[in-house]
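Have a look at the structure below, then the notes.
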Amino acid sequence: MREIQPPIPVKLFIGMLSPEPALFNACADILCSEYGPVDYQSEIVAWTNSDFYREEMGPGILRKFIFFELLLNPGDLSWIKIETTRIEKSFALQAGNRTRRRINLDPGYVTEAKVVLATTKDYSHRLYIGKGIYAEVTLRYGNKERSFTPFDHTYHDYCSETYITMFNKARELLRNSLQRPARK
């Protein structure tokens, strides 16, 4: 019987959505104070994949990802989701009896084999990880393809070549941190 081993550390990332780009830096500063420096980030781009957040946040929603240099235990993901929810609430506006979120922070992590997202919503392809939080494997790494590939349930934007290229880059940064040799 194999002994129980600690998990291999993972690369934390936060996907951010907001119509107010200044909030990306404000939230990144807060997150860096908790999780260390950012070693990779995406450009800010228009997020046009869905109208899901438009009623709450308004038009002109933008997207940015930040990836952290320091690796962490994947078991911390539920606590990180709780913390990002707290940060979202700290930037929210009260409009009558309704709270309007100004930024959405979605934590996840990259391993050599997968990209995992945290969520508060249960569904058939999500597993409960504690503290009211679920996780889903959003992309899987294919050795044959030498790239991340989506599932049928993967969010549309995560299927894009831009995102897949970004997560492949984050995987290489992870492998360098873990001191894994480059593949030929």
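By convention here, the chains of the structure tokens are called A, B, ... in the order presented, each chain's residues are numbered starting at 1, and ligands are numbered starting at 1 in the order presented.
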Report task. Could you give me, as a PyMOL selection string, the residues within 6 Å of stretch 17-21 of chain A, counting only C-alpha atoms and dropping anything in the same chain fewer than 6 positions from it? Result -> chain A and resi 60-63+103-104
For those residues, write N, CA and C atoms to a file as a compact mmCIF listing (two decimals), in the first residue's frame.
# COMPACT_ATOMS: atom_id res chain seq x y z
N GLY A 60 -19.52 47.00 -20.61
CA GLY A 60 -18.09 47.25 -20.74
C GLY A 60 -17.23 46.43 -19.79
N ILE A 61 -17.64 45.22 -19.50
CA ILE A 61 -16.88 44.38 -18.57
C ILE A 61 -15.56 43.96 -19.22
N LEU A 62 -14.51 44.04 -18.41
CA LEU A 62 -13.16 43.69 -18.85
C LEU A 62 -12.66 42.48 -18.07
N ARG A 63 -11.65 41.80 -18.61
CA ARG A 63 -11.09 40.58 -18.01
C ARG A 63 -9.58 40.74 -17.85
N ILE A 103 -16.58 44.07 -8.90
CA ILE A 103 -15.53 43.20 -9.42
C ILE A 103 -15.86 41.76 -9.03
N ASN A 104 -15.54 40.86 -9.93
CA ASN A 104 -15.69 39.42 -9.70
C ASN A 104 -14.29 38.82 -9.68
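Summary of the local environment: counting only C-alpha atoms, residues at most 12 Å from A:Leu173, other than itself and those fewer than 5 positions away along its chain, are Val10, Lys11, Leu12, Val38, Asp39, Tyr40, Gln41, Phe67, Phe68, Glu69, Leu70, Leu71, Val110, Thr111, Glu112, Met166, Phe167, Asn168, Leu178, Gln179, Arg180, Pro181 and Ala182 of chain A.
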Would you pick out the contacts of A:Lys89 at 10 Å or less, using only C-alpha atoms, so that residues sharing its chain but fewer than 6 positions from it are not included, and give the list as a PDB file with C-alpha atoms, in the first residue's frame?
ATOM      1  CA  GLU A  83     -11.163  35.461   0.875  1.00  0.00           C
ATOM      2  CA  THR A  99     -25.734  44.929  -3.351  1.00  0.00           C
ATOM      3  CA  ARG A 100     -24.008  45.612  -6.673  1.00  0.00           C
ATOM      4  CA  ARG A 101     -20.715  43.850  -7.167  1.00  0.00           C
ATOM      5  CA  ARG A 102     -18.107  45.960  -8.970  1.00  0.00           C
ATOM      6  CA  ILE A 103     -15.529  43.199  -9.419  1.00  0.00           C
ATOM      7  CA  ASN A 104     -15.691  39.425  -9.704  1.00  0.00           C
TER       8      ASN A 104
END
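Neighbouring residues of A:Ser42 at 7 Å or closer, counting only C-alpha atoms and skipping chain neighbours under 2 positions away, are Ile44, Lys64, Phe65 and Ile66 of chain A.
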Atoms to include: N, CA, C and O atoms. Write the selected residues as a PDB file, in the first residue's frame.
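This went into result25.pdb:
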ATOM      1  N   ILE A  44      -5.374  43.318 -20.195  1.00  0.00           N
ATOM      2  CA  ILE A  44      -6.789  43.589 -19.948  1.00  0.00           C
ATOM      3  C   ILE A  44      -7.501  43.533 -21.288  1.00  0.00           C
ATOM      4  O   ILE A  44      -7.089  44.200 -22.237  1.00  0.00           O
ATOM      5  N   LYS A  64      -9.078  40.246 -16.726  1.00  0.00           N
ATOM      6  CA  LYS A  64      -7.641  40.166 -16.504  1.00  0.00           C
ATOM      7  C   LYS A  64      -7.361  38.967 -15.594  1.00  0.00           C
ATOM      8  O   LYS A  64      -8.158  38.651 -14.718  1.00  0.00           O
ATOM      9  N   PHE A  65      -6.230  38.304 -15.831  1.00  0.00           N
ATOM     10  CA  PHE A  65      -5.768  37.207 -14.976  1.00  0.00           C
ATOM     11  C   PHE A  65      -4.436  37.595 -14.359  1.00  0.00           C
ATOM     12  O   PHE A  65      -3.598  38.216 -15.022  1.00  0.00           O
ATOM     13  N   ILE A  66      -4.239  37.196 -13.107  1.00  0.00           N
ATOM     14  CA  ILE A  66      -2.931  37.309 -12.475  1.00  0.00           C
ATOM     15  C   ILE A  66      -2.541  35.932 -11.926  1.00  0.00           C
ATOM     16  O   ILE A  66      -3.384  35.181 -11.442  1.00  0.00           O
TER      17      ILE A  66
END
